[in-house]
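J.: Compact mmCIF, C-alpha atoms and all ligand atoms, saved as coords_2.txt, coming up:
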# COMPACT_ATOMS: atom_id res chain seq x y z
CA MET A 71 -24.60 63.24 33.96
CA PRO A 72 -25.43 61.04 30.96
CA ALA A 73 -28.86 61.60 29.47
CA GLY A 74 -31.66 59.08 29.74
CA THR A 75 -30.77 57.80 33.20
CA LEU A 76 -32.37 58.08 36.58
CA TYR A 77 -29.05 57.88 38.38
CA ARG A 78 -28.33 61.11 40.16
CA GLY A 79 -24.73 60.67 41.29
CA ARG A 80 -23.62 62.03 44.64
CA GLU A 81 -23.70 60.43 48.08
CA GLY A 82 -27.17 58.96 47.89
CA MET A 83 -26.50 56.99 44.73
CA TRP A 84 -23.02 55.80 45.66
CA SER A 85 -24.08 54.60 49.09
CA TRP A 86 -26.90 52.67 47.40
CA VAL A 87 -24.47 51.10 44.92
CA ALA A 88 -22.13 50.10 47.75
CA HIS A 89 -25.04 48.70 49.76
CA ARG A 90 -26.13 46.59 46.81
CA VAL A 91 -22.63 45.31 45.96
CA THR A 92 -21.83 44.40 49.58
CA GLY A 93 -25.23 42.69 50.02
CA VAL A 94 -24.69 40.48 46.97
CA LEU A 95 -21.12 39.62 48.03
CA ILE A 96 -22.22 38.63 51.53
CA PHE A 97 -24.97 36.41 50.11
CA PHE A 98 -22.49 34.51 47.93
CA PHE A 99 -20.12 34.12 50.87
CA LEU A 100 -22.95 32.77 53.04
CA PHE A 101 -23.81 30.15 50.44
CA VAL A 102 -20.22 28.81 50.42
CA HIS A 103 -19.99 29.19 54.20
CA VAL A 104 -22.98 26.92 54.88
CA LEU A 105 -21.43 24.36 52.54
CA ASP A 106 -18.07 24.40 54.35
CA THR A 107 -19.77 24.21 57.76
CA ALA A 108 -21.76 21.19 56.53
CA LEU A 109 -18.47 19.27 56.43
CA VAL A 110 -18.82 18.73 60.18
CA ARG A 111 -21.34 16.07 59.17
CA VAL A 112 -18.77 14.36 56.95
CA SER A 113 -15.81 13.97 59.29
CA PRO A 114 -13.73 16.05 61.70
CA GLU A 115 -10.75 15.65 59.35
CA ALA A 116 -12.64 16.97 56.31
CA TYR A 117 -13.83 19.99 58.30
CA ASP A 118 -10.43 20.77 59.79
CA THR A 119 -8.70 20.47 56.39
CA VAL A 120 -11.03 22.98 54.77
CA VAL A 121 -11.00 25.34 57.74
CA ALA A 122 -7.19 25.33 57.55
CA THR A 123 -7.48 27.36 54.34
CA TYR A 124 -9.38 30.00 56.33
CA LYS A 125 -6.22 30.50 58.37
CA THR A 126 -3.81 31.23 55.48
CA PRO A 127 -2.57 34.81 54.99
CA ILE A 128 -4.32 35.30 51.65
CA VAL A 129 -7.67 34.17 52.96
CA ALA A 130 -7.10 36.34 56.03
CA LEU A 131 -7.06 39.30 53.64
CA LEU A 132 -10.36 38.10 52.14
CA GLU A 133 -11.79 37.84 55.66
CA TYR A 134 -10.76 41.44 56.28
CA GLY A 135 -12.63 42.35 53.10
CA LEU A 136 -15.68 40.41 54.29
CA VAL A 137 -15.60 42.30 57.58
CA ALA A 138 -15.41 45.55 55.60
CA ALA A 139 -18.44 44.56 53.51
CA ILE A 140 -20.52 43.44 56.51
CA LEU A 141 -19.71 46.52 58.57
CA PHE A 142 -20.60 48.89 55.74
CA HIS A 143 -23.80 47.03 54.84
CA ALA A 144 -24.86 46.82 58.50
CA LEU A 145 -24.18 50.47 59.35
CA ASN A 146 -25.61 51.81 56.11
CA GLY A 147 -28.61 49.46 56.49
CA LEU A 148 -29.36 51.12 59.81
CA ARG A 149 -29.08 54.48 58.03
CA VAL A 150 -31.59 53.36 55.38
CA ILE A 151 -33.96 52.25 58.14
CA ALA A 152 -33.55 55.63 59.84
CA VAL A 153 -34.30 57.44 56.57
CA ASP A 154 -37.49 55.39 56.22
CA PHE A 155 -38.82 55.52 59.77
CA TRP A 156 -37.39 58.64 61.42
CA VAL A 157 -39.26 61.83 60.53
CA LYS A 158 -36.04 63.78 60.09
CA GLY A 159 -34.25 60.86 58.44
CA ALA A 160 -34.37 62.14 54.89
CA ARG A 161 -33.16 65.56 55.93
CA TYR A 162 -30.11 64.16 57.73
CA GLN A 163 -29.31 61.35 55.29
CA LYS A 164 -26.03 62.95 54.23
CA GLN A 165 -24.81 63.57 57.78
CA MET A 166 -25.79 60.01 58.64
CA LEU A 167 -23.80 58.69 55.70
CA TRP A 168 -20.66 60.46 56.86
CA THR A 169 -21.27 59.13 60.38
CA VAL A 170 -21.50 55.65 58.87
CA VAL A 171 -18.27 56.14 56.93
CA ALA A 172 -16.43 57.48 59.99
CA LEU A 173 -17.63 54.64 62.25
CA TRP A 174 -16.75 52.14 59.55
CA ALA A 175 -13.21 53.54 59.24
CA VAL A 176 -12.64 53.41 63.01
CA LEU A 177 -13.93 49.83 63.26
CA MET A 178 -11.81 48.76 60.28
CA LEU A 179 -8.70 50.20 61.94
CA GLY A 180 -9.59 48.30 65.10
CA ALA A 181 -10.08 45.08 63.13
CA ILE A 182 -6.59 45.13 61.59
CA TYR A 183 -4.80 43.49 64.48
CA PRO A 184 -7.40 40.85 65.47
CA VAL A 185 -8.16 39.76 61.89
CA LEU A 186 -4.75 40.11 60.23
CA GLY A 187 -2.37 39.66 63.19
CA HIS A 188 -2.01 35.91 62.81
CA ALA A 189 -1.23 36.29 59.08
CA ALA A 190 1.51 38.84 59.85
CA ARG A 191 3.01 36.52 62.48
CA GLU A 192 3.03 33.68 59.98
CA LEU A 193 4.57 35.76 57.19
CA PHE A 194 7.17 37.64 59.21
CA GLY A 195 7.71 35.25 62.10
CA SER A 196 6.89 36.15 65.67
CA MET B 299 -59.67 78.10 35.80
CA SER B 300 -57.83 80.31 38.23
CA THR B 301 -60.24 81.68 40.75
CA THR B 302 -58.91 82.41 44.22
CA GLU B 303 -55.22 81.97 43.42
CA THR B 304 -53.30 85.10 44.25
CA ASN B 305 -49.86 83.75 43.34
CA ALA B 306 -48.78 83.04 39.82
CA SER B 307 -47.88 79.50 40.85
CA GLY B 308 -49.12 77.33 43.67
CA VAL B 309 -45.74 75.65 43.91
CA GLY B 310 -43.67 77.09 46.70
CA PRO B 311 -40.00 76.58 47.46
CA VAL B 312 -39.31 73.11 48.86
CA GLU B 313 -38.15 74.44 52.17
CA GLY B 314 -39.26 77.78 53.50
CA ALA B 315 -42.46 79.59 54.25
CA SER B 316 -45.72 78.01 53.11
CA LEU B 317 -47.78 79.82 50.51
CA TYR B 318 -50.94 78.95 52.37
CA SER B 319 -52.33 79.96 55.73
CA VAL B 320 -55.54 79.59 57.71
CA ASP B 321 -57.13 82.38 55.73
CA ASN B 322 -55.76 81.21 52.44
CA PRO B 323 -55.92 77.41 52.59
CA ALA B 324 -54.48 75.11 49.96
CA PRO B 325 -57.10 73.69 47.59
CA VAL B 326 -58.29 70.20 48.51
CA ILE B 327 -57.14 67.68 45.97
CA GLU B 328 -59.25 64.56 45.68
CA PRO B 329 -57.07 61.42 45.42
CA PRO B 330 -57.52 60.27 41.83
CA ARG B 331 -58.31 56.67 42.69
CA LYS B 332 -59.83 56.93 46.11
CA ARG B 333 -61.16 53.66 47.48
CA THR B 334 -64.91 53.64 47.93
CA LYS B 335 -67.38 50.94 48.90
CA LYS B 336 -67.78 50.08 45.24
CA THR B 337 -64.05 49.68 44.57
CA PRO B 338 -63.31 46.02 43.92
CA LYS B 339 -61.04 44.32 46.46
CA SER B 340 -57.40 44.35 45.48
CA THR B 341 -56.32 40.97 44.21
CA ARG B 342 -52.62 41.60 44.66
CA GLY B 343 -52.22 41.36 48.40
CA ASN B 344 -49.44 43.17 50.13
CA PHE B 345 -46.48 40.94 49.40
CA GLU B 346 -44.13 43.74 48.38
CA LEU B 347 -44.99 45.71 51.49
CA ALA B 348 -44.35 42.68 53.67
CA ALA B 349 -41.03 42.07 51.90
CA TRP B 350 -40.01 45.70 52.37
CA LEU B 351 -40.84 45.53 56.08
CA PHE B 352 -39.10 42.18 56.47
CA MET B 353 -35.85 43.63 55.03
CA ARG B 354 -35.86 46.27 57.75
CA LEU B 355 -36.90 44.09 60.69
CA SER B 356 -34.50 41.27 59.80
CA GLY B 357 -31.76 43.86 59.20
CA VAL B 358 -31.99 45.16 62.76
CA VAL B 359 -31.81 41.63 64.21
CA LEU B 360 -29.00 40.63 61.85
CA VAL B 361 -26.79 43.47 63.07
CA VAL B 362 -26.63 41.77 66.48
CA LEU B 363 -26.45 38.19 65.18
CA VAL B 364 -23.86 38.65 62.43
CA ILE B 365 -21.57 41.15 64.14
CA GLY B 366 -21.69 39.00 67.28
CA HIS B 367 -20.81 35.97 65.16
CA LEU B 368 -17.87 37.75 63.54
CA LEU B 369 -16.58 38.90 66.94
CA ILE B 370 -16.68 35.34 68.25
CA GLN B 371 -15.16 33.74 65.14
CA LEU B 372 -12.55 36.32 64.11
CA VAL B 373 -11.68 38.45 67.13
CA LEU B 374 -12.19 36.84 70.54
CA ASP B 375 -10.18 33.98 71.97
CA GLY B 376 -7.40 33.76 69.36
CA GLY B 377 -9.44 34.73 66.31
CA VAL B 378 -9.75 32.39 63.34
CA SER B 379 -6.83 30.20 64.51
CA LYS B 380 -8.93 28.44 67.17
CA ILE B 381 -11.61 27.18 64.78
CA GLY B 382 -11.84 23.46 64.21
CA PHE B 383 -14.18 20.51 64.70
CA ALA B 384 -13.61 20.53 68.47
CA PHE B 385 -14.46 24.23 68.66
CA VAL B 386 -17.73 23.75 66.77
CA ALA B 387 -18.60 20.77 68.97
CA GLY B 388 -18.11 22.94 72.03
CA ARG B 389 -20.32 25.69 70.68
CA TRP B 390 -23.18 23.53 69.46
CA ALA B 391 -23.26 21.73 72.81
CA SER B 392 -25.21 24.79 73.95
CA PRO B 393 -28.80 25.28 72.81
CA PHE B 394 -28.25 29.03 73.02
CA TRP B 395 -25.71 29.03 70.19
CA GLN B 396 -27.74 26.48 68.23
CA VAL B 397 -30.71 28.84 68.27
CA TRP B 398 -28.44 31.79 67.50
CA ASP B 399 -26.98 30.08 64.43
CA LEU B 400 -30.37 28.78 63.30
CA LEU B 401 -31.93 32.23 63.48
CA MET B 402 -28.94 33.78 61.75
CA LEU B 403 -29.10 31.17 58.99
CA TRP B 404 -32.81 31.71 58.27
CA LEU B 405 -32.84 35.49 58.57
CA ALA B 406 -29.64 36.08 56.56
CA MET B 407 -30.67 33.67 53.80
CA LEU B 408 -34.20 35.06 53.46
CA HIS B 409 -32.95 38.66 53.70
CA GLY B 410 -30.21 38.03 51.14
CA ALA B 411 -32.50 36.08 48.81
CA ASN B 412 -35.13 38.78 48.86
CA GLY B 413 -32.42 41.36 48.21
CA LEU B 414 -31.19 39.37 45.22
CA ARG B 415 -34.76 39.08 43.94
CA THR B 416 -34.84 42.89 43.84
CA VAL B 417 -31.51 42.99 42.03
CA ILE B 418 -32.74 40.47 39.42
CA ASN B 419 -35.96 42.46 38.94
CA ASP B 420 -33.84 45.55 38.35
CA TYR B 421 -31.34 44.23 35.82
CA ALA B 422 -32.81 41.20 34.04
CA GLU B 423 -35.25 42.55 31.52
CA ARG B 424 -36.25 39.56 29.42
CA PRO B 425 -39.04 37.51 31.06
CA ASN B 426 -37.18 34.29 30.37
CA THR B 427 -33.95 35.48 31.94
CA ARG B 428 -35.84 36.63 35.01
CA LEU B 429 -37.61 33.31 35.32
CA TRP B 430 -34.39 31.31 35.14
CA LEU B 431 -32.40 33.53 37.45
CA LYS B 432 -35.15 33.50 40.06
CA GLY B 433 -35.59 29.76 39.72
CA LEU B 434 -31.87 29.33 40.36
CA LEU B 435 -31.99 31.76 43.28
CA TYR B 436 -34.96 30.07 44.98
CA THR B 437 -33.50 26.59 44.48
CA ALA B 438 -30.15 27.62 45.97
CA THR B 439 -31.88 29.39 48.86
CA VAL B 440 -34.14 26.48 49.81
CA PHE B 441 -31.24 24.05 49.50
CA THR B 442 -28.94 26.15 51.69
CA ILE B 443 -31.54 26.76 54.39
CA LEU B 444 -32.47 23.07 54.57
CA LEU B 445 -28.83 21.91 54.59
CA GLY B 446 -27.81 24.40 57.28
CA THR B 447 -30.82 23.51 59.44
CA LEU B 448 -30.15 19.81 59.07
CA VAL B 449 -26.50 20.28 60.04
CA ILE B 450 -27.39 22.12 63.24
CA PHE B 451 -30.03 19.57 64.28
CA THR B 452 -28.09 16.43 63.42
CA PHE B 453 -24.65 17.54 64.60
CA ASP B 454 -22.86 14.63 66.28
CA PRO B 455 -19.73 15.42 68.34
CA ASN B 456 -18.86 11.70 68.43
CA ILE B 457 -19.10 11.18 64.70
CA ARG B 458 -15.82 9.27 64.90
C1 LIG A 501 -14.75 34.75 58.00
C2 LIG A 501 -15.66 34.95 58.88
C3 LIG A 501 -16.45 33.81 59.50
C4 LIG A 501 -15.97 32.71 60.17
C5 LIG A 501 -14.52 32.36 60.50
C6 LIG A 501 -17.14 31.92 60.56
C7 LIG A 501 -17.07 30.72 61.28
C8 LIG A 501 -18.15 29.90 61.57
C9 LIG A 501 -18.09 28.68 62.34
C10 LIG A 501 -16.84 28.11 63.00
C11 LIG A 501 -19.34 28.15 62.38
C12 LIG A 501 -19.76 26.86 63.08
C13 LIG A 501 -20.78 27.06 64.18
C14 LIG A 501 -20.37 28.07 65.21
O1 LIG A 501 -19.22 28.06 65.71
O2 LIG A 501 -21.22 28.94 65.53
C15 LIG A 501 -20.21 29.04 61.61
C16 LIG A 501 -21.55 28.84 61.39
C17 LIG A 501 -22.38 29.74 60.73
N1 LIG A 501 -22.03 31.00 60.26
FE1 LIG A 501 -20.16 31.76 60.21
N2 LIG A 501 -18.28 32.55 60.12
C18 LIG A 501 -17.90 33.69 59.46
C19 LIG A 501 -18.73 34.62 58.87
C20 LIG A 501 -20.11 34.49 58.77
C21 LIG A 501 -20.98 35.48 58.20
C22 LIG A 501 -20.54 36.82 57.58
C23 LIG A 501 -22.26 34.99 58.29
C24 LIG A 501 -23.59 35.61 57.87
C25 LIG A 501 -23.79 36.33 56.86
C26 LIG A 501 -22.17 33.68 58.91
C27 LIG A 501 -23.23 32.83 59.15
C28 LIG A 501 -23.15 31.58 59.70
C29 LIG A 501 -24.27 30.66 59.82
C30 LIG A 501 -25.70 30.92 59.32
C31 LIG A 501 -23.79 29.50 60.47
C32 LIG A 501 -24.57 28.21 60.76
C33 LIG A 501 -24.31 27.25 59.60
C34 LIG A 501 -25.18 26.02 59.59
O3 LIG A 501 -26.35 26.09 59.97
O4 LIG A 501 -24.68 24.97 59.17
N3 LIG A 501 -20.84 33.42 59.20
N4 LIG A 501 -19.46 30.12 61.14
C1 LIG A 502 -25.90 43.09 59.25
C2 LIG A 502 -27.12 43.57 59.26
C3 LIG A 502 -27.88 43.95 58.00
C4 LIG A 502 -28.63 45.09 57.88
C5 LIG A 502 -28.87 46.17 58.93
C6 LIG A 502 -29.19 45.08 56.55
C7 LIG A 502 -30.06 46.04 56.07
C8 LIG A 502 -30.59 46.04 54.80
C9 LIG A 502 -31.65 46.91 54.34
C10 LIG A 502 -32.37 47.95 55.19
C11 LIG A 502 -31.87 46.63 53.03
C12 LIG A 502 -32.93 47.28 52.12
C13 LIG A 502 -32.31 48.34 51.30
C14 LIG A 502 -33.33 49.03 50.44
O1 LIG A 502 -34.51 48.64 50.41
O2 LIG A 502 -32.93 49.97 49.75
C15 LIG A 502 -30.93 45.60 52.64
C16 LIG A 502 -30.80 45.10 51.38
C17 LIG A 502 -30.03 43.99 51.06
N1 LIG A 502 -29.31 43.21 51.93
FE1 LIG A 502 -29.02 43.59 53.88
N2 LIG A 502 -28.74 43.96 55.88
C18 LIG A 502 -27.95 43.23 56.74
C19 LIG A 502 -27.35 42.01 56.45
C20 LIG A 502 -27.35 41.38 55.22
C21 LIG A 502 -26.78 40.06 54.94
C22 LIG A 502 -26.13 39.15 55.98
C23 LIG A 502 -26.96 39.84 53.59
C24 LIG A 502 -26.57 38.63 52.76
C25 LIG A 502 -26.84 37.41 53.11
C26 LIG A 502 -27.62 41.00 53.03
C27 LIG A 502 -27.96 41.16 51.70
C28 LIG A 502 -28.72 42.18 51.19
C29 LIG A 502 -29.05 42.34 49.79
C30 LIG A 502 -28.61 41.43 48.64
C31 LIG A 502 -29.88 43.48 49.71
C32 LIG A 502 -30.52 44.08 48.43
C33 LIG A 502 -29.74 45.30 48.00
C34 LIG A 502 -30.47 46.13 46.96
O3 LIG A 502 -31.64 45.89 46.65
O4 LIG A 502 -29.83 47.07 46.46
N3 LIG A 502 -27.85 41.91 54.05
N4 LIG A 502 -30.16 45.25 53.74
Can you dump the structure from the file as structure tokens?
Ligand code: HEM
Ligand code: HEM

T.:
Amino acid sequence: MPAGTLYRGREGMWSWVAHRVTGVLIFFFLFVHVLDTALVRVSPEAYDTVVATYKTPIVALLEYGLVAAILFHALNGLRVIAVDFWVKGARYQKQMLWTVVALWAVLMLGAIYPVLGHAARELFGS
Amino acid sequence: MSTTETNASGVGPVEGASLYSVDNPAPVIEPPRKRTKKTPKSTRGNFELAAWLFMRLSGVVLVVLVIGHLLIQLVLDGGVSKIGFAFVAGRWASPFWQVWDLLMLWLAMLHGANGLRTVINDYAERPNTRLWLKGLLYTATVFTILLGTLVIFTFDPNIR
């Protein structure tokens, strides 16, 4: 561990880093997302043109990444709340983190087909 | 100094048996800045406490709102392929989804903005940098919340 730092390494610090990074990413997405949704007030054509980019394979991959960020931030956020409000929260923080990671992995596996299926059909034909 | 202490140190292991018992109670430690009648009223208010609590309360609600939103937009009924002006018109015909989206907009923006305020406080050290970054953050936040609210309330399915 480098000297002169409060960072402690290990699960607690890395989950905090990931929580922070995902939170900031989601905020930036939301800013752009409200702008693109506002196009419904311009014209149906403008909205549909921009939303068409959301359906391309590359953006589908970004959407999968967004789902990954949201799911981690949401599950780990619930863990942080449990650490703060549940008497035994601090004691079980590590077990809760691994529960979060396991749940996240299962949900991400389940999201592959719904989120990326249309991109695969477009790329490889159906 | 040491009077009734039997142990060399009063500090016990973090977990494990307590050093003290009914017959050998821990010394009472007076809080160093205990509030008394003469203590002046705090002038700071409890903003940071409220913000801390808000992050947790909004977080719990956002789990339902945002994950529900993602299920509807990306998973159910053909996923992202179905989205278009007609789809949005269908959804915002219902007050239920209007309220859902409005609540999600306000809570997510305020939660995210407060989170970013913390991040700026942590990393921007020069007072001027902090001022400008926060000014930018608050401007973008107010703008986005107002725009999103306006869009929900003025949506017109027969715009053309
Ligand atoms: C790639 C994933 C996403 C897609 C395809 C998507 C799609 C949409 C669509 C079609 C609408 C129009 C209204 C409706 O149907 O309810 C909308 C509105 C909205 N979405 Fe999303 N969304 C996504 C992710 C998110 C996320 C992660 C958030 C929150 C952090 C979010 C927050 C909102 C908000 C606040 C509105 C209302 C906007 C306004 O007031 O103008 N969306 N979204
Ligand atoms: C899906 C449900 C969500 C839950 C359960 C949740 C939970 C939390 C909690 C409990 C915190 C406080 C962490 C702490 O004090 O250490 C937090 C921080 C944060 N959240 Fe969320 N959140 C959610 C959604 C969102 C969304 C949609 C955004 C973006 C618009 C967001 C952005 C942030 C940011 C930027 C922080 C600050 C991170 C930091 O200070 O390190 N969160 N979240």

J.: For a quick check of your reading of the model, name the residues lying within 10 Å of the coordinate (-25.7, 20.9, 47.9), counting only C-alpha atoms, and write them as a list in words.

T.: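 The answer, in the requested form, is Phe101, Val102, Val104, Leu105 and Ala108 of chain A; Ala438, Phe441, Thr442, Leu444 and Leu445 of chain B.
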
J.: At a cut-off of 7 Å, which residues of chain B touch chain A? Count all atoms listed in the file and give the answer as a PyMOL selection string.

T.: chain B and resi 354+357+361+372-373+377-379+382-383+410+414+442+446+449+453+457

J.: Select, from B:Leu448, B:Ala411, B:Val440, B:Leu369, the residue with the minimum atom-to-atom distance to B:Phe352, counting all atoms listed in the file.

T.: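 Comparing B:Leu448, B:Ala411, B:Val440, B:Leu369 against B:Phe352, the winner is B:Ala411.
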
J.: Can you measure atom CA of B:Leu351 to atom CA of B:Thr437 for me? One decimal in Å is fine.

T.: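 Atom-to-atom, atom CA of B:Leu351 to atom CA of B:Thr437, that is 23.4 Å.
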
J.: What does the distance from atom C26 of ligand LIG 502 (chain A) to atom CA of B:His409 come to in Å, to one decimal?

T.: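 Atom-to-atom, atom C26 of ligand LIG 502 (chain A) to atom CA of B:His409, that is 5.9 Å.
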
J.: Which residue gives the smallest distance to ligand LIG 502 (chain A) among B:Pro455, B:Gly366, B:Gly388, B:Pro425, with all atoms listed in the file counted?

T.: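 Smallest separation from ligand LIG 502 (chain A) among the options: B:Gly366.
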